[in-house]
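A quick write-up on the structure given underneath.
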Amino acid sequence: MKLADRVARLGTETAFAVSAEAAAHAAKGNTVYPFHLGDMNLPTPANVQEAAIAAMKDGKTGYCPNGGIPALREALAAETARSHGMDLGADNVAIQPGGKPVIEKFLLALVNPGDEVLYPNPGFPIYESQIEFQGAKAVPYGFVPGEKNFLLDFEAIERSITPNTRAIIFNDLHNPTGAVSPREEIEALAELALKHDLYVLSDEAYWDIRYEGEPLSIASLDGMAERTVILYTFSKKFAMTGWRLGGAVGPADVIGVIATLNVNEESCTNHFVQWAGVEALTGDQSGAQEILRVLRERRDVAVEALNAMPGVSCYSPTATFYLFPDVTGAMERVGAKDYDAFRLGALENTGCSFCTRLHFGRALPGEDRRYVRIAYSGIDADRIEEGLGRLRDWVASA
Ligand code: PLP
């Protein structure tokens, strides 16, 4: 068959290939320490599980409204209004099967073929994939090392804006770096969006995976609610990655278009799962608090272990469940000529499996430091210590 031209522009998450390699290594009887997973090995809170079961037994198994059940739209609007200090109602919310579909639908609703869209690189690979698949031009911006964490490469952002720039994707509490923008950075970005009349996709997948500091969303700044769509997901906060539940939160007219896209694509998000979402947002929060406590403990163990390795330095991010250590020196020590040599050498010699910078986009011009992503959402603290201890021994003995 002759595939459509656009298929050549469709990207993917190459991190899934790392999972497959780790599984193959484990199948040979080897120990694997899974630092590659963006998935979680923590249970969904019991009250949320029970709400889904109760809803299923109560017959919530048929189609439901395309934009989401009113109870969940209202609950998510109320929760976002509270956490963001915004004025929102049910018509500002379109429920989705996960957070990921918001990326595709935001672009379909607001960006024309040929328009330019700024996106973070390193970043979640689906941004670039969807921008290019839809015939727009993907324009990357990077990060620079700051004192306590990575900062946006603001100069690159400013330099990249042209009369054709239509939108910017901003993932504060960032995958893979763990970067959290200081207030001034978010304000400066909002100013830029207003000045150049840009739409903003605020990917807030990790909004609630925040260990310290006051939350601030770009959507809540003056003049921004009218031009920003928030990507919300239940995946991380409630350890619900496989349930597929999220939402788009934004101006009612765009949300109406996104709900019509729902009609065209999945009809509706799973009905009884939406009732579980209502419980997640409005019920007992102790499950989510426990998830955060466990993740914080893992972060501390992992950061300490990474900084104890020769040739490795790592920030201690205040959010997300990712670390993005600079491993330039460690790669030199073990004689790894490129990222894959380092990654596969680590797997073979230590069992540690992780993604590298290249799983989050092509390297940018002038990028001379080397980074890997250590995810601690799918591995317990004692195994983090054990695995990273082996990695340290391997690097130290080289
Ligand atoms: N955005 C970012 C930055 C992510 O890392 C992820 C998942 O890893 C998503 C969006 C999508 O998450 P989901 O579709 O599970 O809600």
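Within each chain, counting starts at residue 1; across the structure tokens, chains are named A, B, ... in the order shown, with ligands numbered 1 upward in that order.
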Shell of 8 Å around ligand 1 (only C-alpha atoms and all ligand atoms), written as a count of residues only: 30
Mind checking which residues fall within 10 Å of Ala138 in chain A, counting only C-alpha atoms, ignoring those fewer than 2 positions away in the same chain, and posting them as a short mmCIF file (atom, residue, chain, number, x, y, z; two decimals) with all heavy atoms, in the first residue's frame?
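The resulting file, selection_22.cif, is reproduced below:
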data_model
loop_
_atom_site.label_atom_id
_atom_site.label_comp_id
_atom_site.auth_asym_id
_atom_site.auth_seq_id
_atom_site.Cartn_x
_atom_site.Cartn_y
_atom_site.Cartn_z
N GLY A 114 1.72 25.02 7.85
CA GLY A 114 2.62 26.13 7.50
C GLY A 114 2.91 27.07 8.66
O GLY A 114 3.91 27.76 8.67
N ASP A 115 2.03 27.10 9.65
CA ASP A 115 2.30 27.92 10.84
C ASP A 115 3.50 27.35 11.58
O ASP A 115 3.81 26.15 11.47
CB ASP A 115 1.11 27.87 11.82
CG ASP A 115 -0.08 28.70 11.33
OD1 ASP A 115 0.08 29.48 10.38
OD2 ASP A 115 -1.16 28.54 11.94
N GLU A 116 4.14 28.20 12.37
CA GLU A 116 5.28 27.73 13.18
C GLU A 116 4.86 27.61 14.64
O GLU A 116 4.11 28.44 15.15
CB GLU A 116 6.45 28.72 13.05
CG GLU A 116 7.01 28.72 11.64
CD GLU A 116 8.04 29.81 11.39
OE1 GLU A 116 8.53 30.42 12.36
OE2 GLU A 116 8.33 30.03 10.20
N VAL A 117 5.32 26.53 15.25
CA VAL A 117 4.99 26.28 16.66
C VAL A 117 6.29 26.02 17.43
O VAL A 117 7.08 25.15 17.06
CB VAL A 117 4.05 25.06 16.80
CG1 VAL A 117 3.71 24.82 18.27
CG2 VAL A 117 2.78 25.26 15.99
N LEU A 118 6.48 26.79 18.48
CA LEU A 118 7.67 26.59 19.34
C LEU A 118 7.39 25.49 20.34
O LEU A 118 6.29 25.42 20.90
CB LEU A 118 7.98 27.89 20.08
CG LEU A 118 8.55 29.01 19.22
CD1 LEU A 118 8.38 30.36 19.90
CD2 LEU A 118 10.02 28.75 18.99
N TYR A 119 8.40 24.65 20.56
CA TYR A 119 8.20 23.54 21.51
C TYR A 119 9.53 23.23 22.19
O TYR A 119 10.60 23.49 21.63
CB TYR A 119 7.66 22.30 20.77
CG TYR A 119 8.70 21.63 19.93
CD1 TYR A 119 9.34 20.47 20.37
CD2 TYR A 119 9.11 22.18 18.72
CE1 TYR A 119 10.34 19.86 19.62
CE2 TYR A 119 10.11 21.57 17.97
CZ TYR A 119 10.71 20.42 18.43
OH TYR A 119 11.70 19.84 17.69
N PRO A 120 9.48 22.69 23.41
CA PRO A 120 10.72 22.42 24.13
C PRO A 120 11.43 21.17 23.60
O PRO A 120 10.81 20.16 23.34
CB PRO A 120 10.24 22.17 25.58
CG PRO A 120 8.82 21.72 25.44
CD PRO A 120 8.28 22.37 24.20
N TYR A 127 5.10 16.38 21.01
CA TYR A 127 4.91 17.75 20.50
C TYR A 127 5.41 17.83 19.06
O TYR A 127 4.69 18.25 18.16
CB TYR A 127 5.70 18.78 21.33
CG TYR A 127 5.48 18.79 22.82
CD1 TYR A 127 6.56 18.99 23.69
CD2 TYR A 127 4.21 18.63 23.37
CE1 TYR A 127 6.39 19.04 25.06
CE2 TYR A 127 4.03 18.67 24.75
CZ TYR A 127 5.13 18.87 25.59
OH TYR A 127 4.97 18.91 26.93
N GLU A 128 6.67 17.46 18.89
CA GLU A 128 7.27 17.58 17.56
C GLU A 128 6.53 16.70 16.55
O GLU A 128 6.24 17.12 15.43
CB GLU A 128 8.75 17.17 17.61
CG GLU A 128 9.47 17.41 16.30
CD GLU A 128 10.87 16.79 16.29
OE1 GLU A 128 10.99 15.57 16.12
OE2 GLU A 128 11.83 17.55 16.47
N SER A 129 6.20 15.49 17.00
CA SER A 129 5.50 14.56 16.12
C SER A 129 4.18 15.16 15.62
O SER A 129 3.90 15.17 14.42
CB SER A 129 5.23 13.25 16.88
OG SER A 129 4.37 12.42 16.14
N GLN A 130 3.38 15.69 16.52
CA GLN A 130 2.07 16.21 16.13
C GLN A 130 2.17 17.49 15.33
O GLN A 130 1.40 17.70 14.38
CB GLN A 130 1.20 16.43 17.38
CG GLN A 130 0.52 15.15 17.86
CD GLN A 130 -0.46 14.60 16.84
OE1 GLN A 130 -1.11 15.31 16.08
NE2 GLN A 130 -0.56 13.27 16.80
N ILE A 131 3.11 18.35 15.70
CA ILE A 131 3.25 19.61 14.94
C ILE A 131 3.56 19.27 13.48
O ILE A 131 2.92 19.77 12.55
CB ILE A 131 4.37 20.50 15.55
CG1 ILE A 131 4.02 20.95 16.96
CG2 ILE A 131 4.61 21.72 14.66
CD1 ILE A 131 5.21 21.53 17.74
N GLU A 132 4.54 18.38 13.30
CA GLU A 132 4.97 18.07 11.92
C GLU A 132 3.93 17.23 11.18
O GLU A 132 3.67 17.44 10.00
CB GLU A 132 6.34 17.39 11.95
CG GLU A 132 7.39 18.38 12.43
CD GLU A 132 8.81 17.90 12.30
OE1 GLU A 132 9.01 16.68 12.15
OE2 GLU A 132 9.72 18.76 12.36
N PHE A 133 3.32 16.30 11.87
CA PHE A 133 2.29 15.45 11.26
C PHE A 133 1.16 16.32 10.70
O PHE A 133 0.61 16.05 9.64
CB PHE A 133 1.75 14.49 12.33
CG PHE A 133 0.75 13.50 11.82
CD1 PHE A 133 1.07 12.60 10.82
CD2 PHE A 133 -0.53 13.44 12.37
CE1 PHE A 133 0.16 11.67 10.37
CE2 PHE A 133 -1.46 12.51 11.93
CZ PHE A 133 -1.12 11.62 10.92
N GLY A 135 1.42 19.21 9.56
CA GLY A 135 1.87 20.09 8.48
C GLY A 135 2.34 21.46 8.93
O GLY A 135 2.56 22.35 8.11
N ALA A 136 2.50 21.65 10.22
CA ALA A 136 3.06 22.91 10.71
C ALA A 136 4.57 22.73 10.86
O ALA A 136 5.10 21.64 10.65
CB ALA A 136 2.42 23.29 12.04
N PRO A 140 12.23 24.21 17.67
CA PRO A 140 12.61 23.83 19.05
C PRO A 140 13.23 24.97 19.84
O PRO A 140 13.87 25.85 19.27
CB PRO A 140 13.66 22.74 18.82
CG PRO A 140 14.24 23.04 17.48
CD PRO A 140 13.16 23.70 16.66
N TYR A 141 13.01 24.96 21.14
CA TYR A 141 13.81 25.80 22.04
C TYR A 141 14.36 24.92 23.15
O TYR A 141 13.73 23.94 23.54
CB TYR A 141 13.01 26.99 22.61
CG TYR A 141 11.83 26.63 23.49
CD1 TYR A 141 11.99 26.38 24.86
CD2 TYR A 141 10.55 26.54 22.97
CE1 TYR A 141 10.91 26.06 25.66
CE2 TYR A 141 9.46 26.22 23.77
CZ TYR A 141 9.64 25.98 25.12
OH TYR A 141 8.58 25.65 25.92
N THR A 165 4.85 32.59 13.51
CA THR A 165 4.72 31.82 14.75
C THR A 165 3.31 31.97 15.29
O THR A 165 2.81 33.08 15.48
CB THR A 165 5.73 32.31 15.81
OG1 THR A 165 7.03 32.36 15.22
CG2 THR A 165 5.75 31.38 17.00
N ILE A 168 3.00 28.48 21.14
CA ILE A 168 4.16 27.95 21.87
C ILE A 168 3.66 26.88 22.84
O ILE A 168 2.61 27.06 23.47
CB ILE A 168 4.95 29.06 22.59
CG1 ILE A 168 6.14 28.47 23.37
CG2 ILE A 168 4.09 29.90 23.51
CD1 ILE A 168 7.21 29.49 23.72
#
Top pick for closest residue to Ala71 in chain A, considering A:Gly178, A:Gly59, A:Gly89, A:Pro215 and counting only C-alpha atoms: A:Gly89
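Closest approach to Phe150 in chain A from the set A:Pro317, A:Gly277, A:Pro251, A:Pro125 is made by A:Pro317, with distances taken over only C-alpha atoms.
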Option closest in space to Ala51 in chain A, from A:Val249, A:Leu281, A:Leu344, A:Ala302 [counting only C-alpha atoms]: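 That would be A:Leu281, the residue with the smallest distance to Ala51 in chain A.
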Selection: 10 Å around Leu108 in chain A, only C-alpha atoms, excl. self and same-chain fewer than 2 positions, as a ChimeraX atom specification: /A:102-106,110-113,130-131,134,257-258,261
So that I have them on file, write out the residues from the current selection with all heavy atoms, as a compact mmCIF listing (two decimals), in the first residue's frame.
# COMPACT_ATOMS: atom_id res chain seq x y z
N VAL A 102 -4.72 16.03 24.22
CA VAL A 102 -4.86 17.50 24.22
C VAL A 102 -3.83 18.13 23.27
O VAL A 102 -4.09 19.16 22.64
CB VAL A 102 -4.70 18.08 25.65
CG1 VAL A 102 -4.87 19.60 25.63
CG2 VAL A 102 -5.70 17.44 26.60
N ILE A 103 -2.67 17.48 23.14
CA ILE A 103 -1.63 18.04 22.27
C ILE A 103 -2.14 18.05 20.82
O ILE A 103 -2.12 19.09 20.15
CB ILE A 103 -0.34 17.20 22.39
CG1 ILE A 103 0.16 17.21 23.85
CG2 ILE A 103 0.74 17.72 21.43
CD1 ILE A 103 1.25 16.18 24.14
N GLU A 104 -2.61 16.92 20.38
CA GLU A 104 -3.12 16.81 19.01
C GLU A 104 -4.30 17.77 18.78
O GLU A 104 -4.36 18.48 17.78
CB GLU A 104 -3.58 15.36 18.76
CG GLU A 104 -4.14 15.15 17.38
CD GLU A 104 -5.36 14.22 17.36
OE1 GLU A 104 -6.02 14.05 18.41
OE2 GLU A 104 -5.65 13.68 16.29
N LYS A 105 -5.21 17.80 19.75
CA LYS A 105 -6.45 18.57 19.54
C LYS A 105 -6.22 20.08 19.64
O LYS A 105 -6.87 20.85 18.94
CB LYS A 105 -7.53 18.07 20.50
CG LYS A 105 -7.99 16.65 20.12
CD LYS A 105 -8.91 16.03 21.16
CE LYS A 105 -9.17 14.56 20.80
NZ LYS A 105 -9.92 13.85 21.85
N PHE A 106 -5.31 20.49 20.51
CA PHE A 106 -4.94 21.91 20.58
C PHE A 106 -4.43 22.37 19.22
O PHE A 106 -4.85 23.41 18.69
CB PHE A 106 -3.86 22.09 21.66
CG PHE A 106 -3.13 23.42 21.61
CD1 PHE A 106 -3.65 24.54 22.24
CD2 PHE A 106 -1.91 23.54 20.96
CE1 PHE A 106 -2.97 25.76 22.20
CE2 PHE A 106 -1.22 24.75 20.92
CZ PHE A 106 -1.76 25.86 21.54
N LEU A 110 -6.18 25.07 16.54
CA LEU A 110 -5.64 26.44 16.51
C LEU A 110 -4.51 26.70 15.52
O LEU A 110 -4.16 27.86 15.29
CB LEU A 110 -5.16 26.82 17.92
CG LEU A 110 -6.27 26.97 18.95
CD1 LEU A 110 -5.70 27.00 20.36
CD2 LEU A 110 -7.08 28.24 18.70
N VAL A 111 -3.94 25.66 14.95
CA VAL A 111 -2.74 25.86 14.12
C VAL A 111 -3.01 25.38 12.70
O VAL A 111 -3.54 24.29 12.49
CB VAL A 111 -1.55 25.09 14.76
CG1 VAL A 111 -0.34 25.11 13.84
CG2 VAL A 111 -1.19 25.69 16.12
N ASN A 112 -2.64 26.22 11.73
CA ASN A 112 -2.80 25.85 10.32
C ASN A 112 -1.52 25.24 9.77
O ASN A 112 -0.42 25.56 10.26
CB ASN A 112 -3.14 27.10 9.48
CG ASN A 112 -4.56 27.55 9.73
OD1 ASN A 112 -5.50 26.75 9.65
ND2 ASN A 112 -4.72 28.83 10.06
N PRO A 113 -1.64 24.41 8.72
CA PRO A 113 -0.43 23.93 8.06
C PRO A 113 0.43 25.13 7.65
O PRO A 113 -0.10 26.14 7.19
CB PRO A 113 -0.96 23.18 6.84
CG PRO A 113 -2.34 22.77 7.22
CD PRO A 113 -2.87 23.86 8.11
N GLN A 130 3.38 15.69 16.52
CA GLN A 130 2.07 16.21 16.13
C GLN A 130 2.17 17.49 15.33
O GLN A 130 1.40 17.70 14.38
CB GLN A 130 1.20 16.43 17.38
CG GLN A 130 0.52 15.15 17.86
CD GLN A 130 -0.46 14.60 16.84
OE1 GLN A 130 -1.11 15.31 16.08
NE2 GLN A 130 -0.56 13.27 16.80
N ILE A 131 3.11 18.35 15.70
CA ILE A 131 3.25 19.61 14.94
C ILE A 131 3.56 19.27 13.48
O ILE A 131 2.92 19.77 12.55
CB ILE A 131 4.37 20.50 15.55
CG1 ILE A 131 4.02 20.95 16.96
CG2 ILE A 131 4.61 21.72 14.66
CD1 ILE A 131 5.21 21.53 17.74
N GLN A 134 0.85 17.37 11.43
CA GLN A 134 -0.26 18.23 11.00
C GLN A 134 0.17 19.29 9.98
O GLN A 134 -0.61 20.17 9.63
CB GLN A 134 -0.92 18.87 12.22
CG GLN A 134 -1.58 17.84 13.14
CD GLN A 134 -2.41 18.48 14.24
OE1 GLN A 134 -2.93 19.57 14.09
NE2 GLN A 134 -2.54 17.79 15.36
N VAL A 257 -14.68 23.24 20.18
CA VAL A 257 -14.08 22.58 19.00
C VAL A 257 -13.43 21.26 19.45
O VAL A 257 -13.57 20.23 18.77
CB VAL A 257 -13.02 23.51 18.34
CG1 VAL A 257 -12.29 22.78 17.22
CG2 VAL A 257 -13.69 24.78 17.82
N ILE A 258 -12.75 21.31 20.57
CA ILE A 258 -12.08 20.08 21.06
C ILE A 258 -13.13 19.01 21.37
O ILE A 258 -12.93 17.83 21.06
CB ILE A 258 -11.18 20.41 22.26
CG1 ILE A 258 -9.96 21.23 21.77
CG2 ILE A 258 -10.72 19.15 22.99
CD1 ILE A 258 -8.97 21.66 22.83
N LEU A 261 -14.00 17.47 18.21
CA LEU A 261 -12.94 16.53 17.82
C LEU A 261 -13.13 15.21 18.58
O LEU A 261 -12.93 14.13 18.02
CB LEU A 261 -11.56 17.12 18.09
CG LEU A 261 -11.14 18.24 17.12
CD1 LEU A 261 -9.92 19.00 17.65
CD2 LEU A 261 -10.85 17.67 15.73
Backbone DSSP call of strand (DSSP E) for range 25-188 of chain A, listed as a list in words: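 DSSP-assigned strand (DSSP E) residues in range 25-188 of chain A: Tyr33, Pro34, Val93, Ala94, Ile95, Gln96, Glu116, Val117, Leu118, Tyr119, Pro120, Lys137, Ala138, Val139, Pro140, Tyr141, Phe143, Val144, Pro145, Phe150, Leu151, Leu152, Thr165, Arg166, Ala167, Ile168, Ile169 and Phe170 of chain A.
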Length of the CA of Gly345 in chain A to CA of Pro145 in chain A vector [Å]: 26.5 Å
Residues of range 228-351 of chain A in helix (DSSP H, G or I), written as JSON, numbers by chain: {"A": [252, 253, 254, 255, 256, 257, 258, 259, 260, 261, 262, 263, 264, 271, 272, 273, 274, 275, 276, 277, 278, 279, 280, 281, 282, 286, 287, 288, 289, 290, 291, 292, 293, 294, 295, 296, 297, 298, 299, 300, 301, 302, 303, 304, 305, 306, 307, 328, 329, 330, 331, 332, 333, 334, 339, 340, 341, 342, 343, 344, 345, 346, 347, 348, 349, 350]}
Close residues, Arg296 in chain A itself excluded, 12 Å, only C-alpha atoms, min 3 positions apart in chain, as a PyMOL selection string: chain A and resi 209-212+289-293+299-303+316-322+376-377+380-381
Since we have the selection now, will you write its residues out, keeping N, CA and C atoms, as a compact mmCIF listing (two decimals), in the first residue's frame?
# COMPACT_ATOMS: atom_id res chain seq x y z
N ILE A 209 2.71 17.11 40.91
CA ILE A 209 3.90 16.38 41.38
C ILE A 209 4.93 17.45 41.73
N ARG A 210 4.61 18.20 42.76
CA ARG A 210 5.40 19.37 43.16
C ARG A 210 5.72 19.19 44.64
N TYR A 211 7.01 19.16 44.96
CA TYR A 211 7.42 18.87 46.34
C TYR A 211 7.52 20.12 47.19
N GLU A 212 7.77 21.24 46.56
CA GLU A 212 7.85 22.50 47.30
C GLU A 212 7.59 23.66 46.35
N GLN A 289 -1.63 12.18 48.34
CA GLN A 289 -0.57 12.70 49.23
C GLN A 289 0.50 11.64 49.47
N GLU A 290 0.07 10.40 49.60
CA GLU A 290 1.02 9.31 49.83
C GLU A 290 1.91 9.10 48.60
N ILE A 291 1.31 9.20 47.41
CA ILE A 291 2.09 9.06 46.17
C ILE A 291 3.20 10.12 46.16
N LEU A 292 2.84 11.34 46.50
CA LEU A 292 3.81 12.43 46.50
C LEU A 292 4.92 12.20 47.53
N ARG A 293 4.52 11.69 48.69
CA ARG A 293 5.51 11.43 49.75
C ARG A 293 6.54 10.39 49.28
N ARG A 299 13.19 10.69 45.10
CA ARG A 299 14.01 11.76 44.50
C ARG A 299 15.28 11.97 45.32
N ASP A 300 15.11 12.06 46.63
CA ASP A 300 16.26 12.37 47.49
C ASP A 300 17.32 11.26 47.40
N VAL A 301 16.87 10.02 47.40
CA VAL A 301 17.80 8.89 47.30
C VAL A 301 18.54 8.94 45.96
N ALA A 302 17.79 9.19 44.89
CA ALA A 302 18.38 9.16 43.55
C ALA A 302 19.35 10.32 43.33
N VAL A 303 18.98 11.51 43.79
CA VAL A 303 19.85 12.68 43.59
C VAL A 303 21.18 12.46 44.32
N SER A 316 18.56 18.87 42.13
CA SER A 316 17.47 18.24 42.87
C SER A 316 16.20 19.01 42.56
N PRO A 317 15.47 18.61 41.53
CA PRO A 317 14.31 19.40 41.09
C PRO A 317 13.20 19.38 42.15
N THR A 318 12.42 20.45 42.16
CA THR A 318 11.33 20.56 43.14
C THR A 318 10.03 19.95 42.62
N ALA A 319 10.07 19.29 41.47
CA ALA A 319 8.84 18.75 40.88
C ALA A 319 9.17 17.65 39.88
N THR A 320 8.13 17.01 39.40
CA THR A 320 8.16 15.87 38.46
C THR A 320 8.79 14.63 39.12
N PHE A 321 8.88 13.54 38.37
CA PHE A 321 9.62 12.39 38.90
C PHE A 321 10.78 12.01 37.97
N TYR A 322 11.40 13.07 37.43
CA TYR A 322 12.53 12.87 36.52
C TYR A 322 13.76 13.64 37.00
N TYR A 376 12.20 8.02 38.36
CA TYR A 376 12.11 7.23 39.59
C TYR A 376 10.66 6.92 39.98
N SER A 377 9.79 6.96 38.99
CA SER A 377 8.38 6.68 39.24
C SER A 377 8.06 5.20 39.25
N ASP A 380 11.38 1.31 43.35
CA ASP A 380 11.37 1.65 44.79
C ASP A 380 12.73 2.19 45.25
N ALA A 381 12.69 2.90 46.39
CA ALA A 381 13.89 3.59 46.88
C ALA A 381 15.07 2.64 47.10
Separation of CA of Ser286 in chain A from CA of Pro70 in chain A in Å: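 Atom-to-atom, CA of Pro70 in chain A and CA of Ser286 in chain A are spaced 24.9 Å apart.
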Spatial neighbours of Leu192 in chain A, 10 Å, only C-alpha atoms, chain gap at least 4 places, as a VMD selection string: chain A and resid 157 to 158 161 186 to 188 196 to 198
C-alpha atoms of the current selection, written as a PDB file, in the first residue's frame:
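Dumped to result16.pdb:
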ATOM      1  CA  ILE A 157      12.671  31.551  22.148  1.00  0.00           C
ATOM      2  CA  GLU A 158      12.786  35.270  21.349  1.00  0.00           C
ATOM      3  CA  ILE A 161       9.622  34.052  16.821  1.00  0.00           C
ATOM      4  CA  ILE A 186       6.603  32.563  33.350  1.00  0.00           C
ATOM      5  CA  GLU A 187       5.771  36.270  33.332  1.00  0.00           C
ATOM      6  CA  ALA A 188       8.296  36.966  30.595  1.00  0.00           C
ATOM      7  CA  HIS A 196       3.338  38.348  19.391  1.00  0.00           C
ATOM      8  CA  ASP A 197      -0.268  37.170  19.673  1.00  0.00           C
ATOM      9  CA  LEU A 198       0.661  33.522  20.318  1.00  0.00           C
TER      10      LEU A 198
END
Selection near Ala252 in chain A, 8 Å with only C-alpha atoms, sequence-local residues under 5 positions removed, as a PDB file with all heavy atoms, in the first residue's frame:
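Contents of part.pdb, as written:
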ATOM      1  N   ASP A  91     -18.052  24.644  30.930  1.00  0.00           N
ATOM      2  CA  ASP A  91     -17.833  24.817  29.487  1.00  0.00           C
ATOM      3  C   ASP A  91     -16.392  25.194  29.141  1.00  0.00           C
ATOM      4  O   ASP A  91     -16.044  25.350  27.974  1.00  0.00           O
ATOM      5  CB  ASP A  91     -18.841  25.810  28.873  1.00  0.00           C
ATOM      6  CG  ASP A  91     -18.721  27.187  29.486  1.00  0.00           C
ATOM      7  OD1 ASP A  91     -17.967  27.344  30.470  1.00  0.00           O
ATOM      8  OD2 ASP A  91     -19.377  28.116  28.979  1.00  0.00           O
ATOM      9  N   ASN A  92     -15.550  25.294  30.149  1.00  0.00           N
ATOM     10  CA  ASN A  92     -14.102  25.480  29.909  1.00  0.00           C
ATOM     11  C   ASN A  92     -13.343  24.157  29.935  1.00  0.00           C
ATOM     12  O   ASN A  92     -12.110  24.149  29.876  1.00  0.00           O
ATOM     13  CB  ASN A  92     -13.486  26.415  30.963  1.00  0.00           C
ATOM     14  CG  ASN A  92     -14.072  27.806  30.920  1.00  0.00           C
ATOM     15  OD1 ASN A  92     -14.745  28.238  31.846  1.00  0.00           O
ATOM     16  ND2 ASN A  92     -13.854  28.498  29.832  1.00  0.00           N
ATOM     17  N   VAL A  93     -14.069  23.044  30.048  1.00  0.00           N
ATOM     18  CA  VAL A  93     -13.405  21.743  30.202  1.00  0.00           C
ATOM     19  C   VAL A  93     -13.930  20.736  29.171  1.00  0.00           C
ATOM     20  O   VAL A  93     -15.146  20.582  29.022  1.00  0.00           O
ATOM     21  CB  VAL A  93     -13.658  21.173  31.625  1.00  0.00           C
ATOM     22  CG1 VAL A  93     -13.109  19.755  31.735  1.00  0.00           C
ATOM     23  CG2 VAL A  93     -13.039  22.067  32.688  1.00  0.00           C
TER      24      VAL A  93
END
Just the residues within 8 Å of Leu388 in chain A, please, counting only C-alpha atoms, with nothing from its chain fewer than 4 positions along; format it as a PDB file with all heavy atoms, in the first residue's frame.
ATOM      1  N   ALA A 302      17.786   9.189  44.894  1.00  0.00           N
ATOM      2  CA  ALA A 302      18.377   9.163  43.545  1.00  0.00           C
ATOM      3  C   ALA A 302      19.349  10.324  43.330  1.00  0.00           C
ATOM      4  O   ALA A 302      20.434  10.134  42.764  1.00  0.00           O
ATOM      5  CB  ALA A 302      17.272   9.189  42.484  1.00  0.00           C
ATOM      6  N   ALA A 305      22.567   9.627  45.157  1.00  0.00           N
ATOM      7  CA  ALA A 305      23.355   8.572  44.509  1.00  0.00           C
ATOM      8  C   ALA A 305      24.004   9.073  43.226  1.00  0.00           C
ATOM      9  O   ALA A 305      25.157   8.751  42.929  1.00  0.00           O
ATOM     10  CB  ALA A 305      22.458   7.367  44.222  1.00  0.00           C
ATOM     11  N   LEU A 306      23.288   9.880  42.453  1.00  0.00           N
ATOM     12  CA  LEU A 306      23.854  10.374  41.187  1.00  0.00           C
ATOM     13  C   LEU A 306      25.024  11.312  41.449  1.00  0.00           C
ATOM     14  O   LEU A 306      26.054  11.247  40.772  1.00  0.00           O
ATOM     15  CB  LEU A 306      22.768  11.076  40.364  1.00  0.00           C
ATOM     16  CG  LEU A 306      21.762  10.110  39.714  1.00  0.00           C
ATOM     17  CD1 LEU A 306      20.522  10.860  39.246  1.00  0.00           C
ATOM     18  CD2 LEU A 306      22.388   9.369  38.535  1.00  0.00           C
ATOM     19  N   CYS A 352      21.179  -1.101  34.891  1.00  0.00           N
ATOM     20  CA  CYS A 352      20.423   0.162  34.920  1.00  0.00           C
ATOM     21  C   CYS A 352      19.939   0.504  33.508  1.00  0.00           C
ATOM     22  O   CYS A 352      20.748   0.586  32.575  1.00  0.00           O
ATOM     23  CB  CYS A 352      21.293   1.305  35.440  1.00  0.00           C
ATOM     24  SG  CYS A 352      21.561   1.213  37.211  1.00  0.00           S
ATOM     25  N   ILE A 384      16.534   1.800  43.835  1.00  0.00           N
ATOM     26  CA  ILE A 384      17.217   2.977  43.259  1.00  0.00           C
ATOM     27  C   ILE A 384      18.645   3.002  43.798  1.00  0.00           C
ATOM     28  O   ILE A 384      19.619   3.143  43.049  1.00  0.00           O
ATOM     29  CB  ILE A 384      16.482   4.286  43.649  1.00  0.00           C
ATOM     30  CG1 ILE A 384      15.122   4.364  42.968  1.00  0.00           C
ATOM     31  CG2 ILE A 384      17.334   5.518  43.311  1.00  0.00           C
ATOM     32  CD1 ILE A 384      14.279   5.570  43.359  1.00  0.00           C
ATOM     33  N   ARG A 392      27.443   3.533  39.752  1.00  0.00           N
ATOM     34  CA  ARG A 392      28.606   4.276  40.278  1.00  0.00           C
ATOM     35  C   ARG A 392      29.864   3.406  40.219  1.00  0.00           C
ATOM     36  O   ARG A 392      30.916   3.849  39.772  1.00  0.00           O
ATOM     37  CB  ARG A 392      28.320   4.707  41.728  1.00  0.00           C
ATOM     38  CG  ARG A 392      29.481   5.475  42.385  1.00  0.00           C
ATOM     39  CD  ARG A 392      29.334   5.517  43.902  1.00  0.00           C
ATOM     40  NE  ARG A 392      29.218   4.171  44.437  1.00  0.00           N
ATOM     41  CZ  ARG A 392      28.302   3.789  45.332  1.00  0.00           C
ATOM     42  NH1 ARG A 392      27.432   4.647  45.816  1.00  0.00           N
ATOM     43  NH2 ARG A 392      28.272   2.532  45.767  1.00  0.00           N
TER      44      ARG A 392
END
Using only C-alpha atoms: which of A:Asn66, A:Asn149, A:Ser181, A:Asn41 has the shortest distance to Ser217 in chain A: A:Ser181
Separation of CA of Val18 in chain A from CA of Gly378 in chain A, in Å and rounded to one decimal: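 CA of Gly378 in chain A lies at a distance of 14.2 Å from CA of Val18 in chain A.
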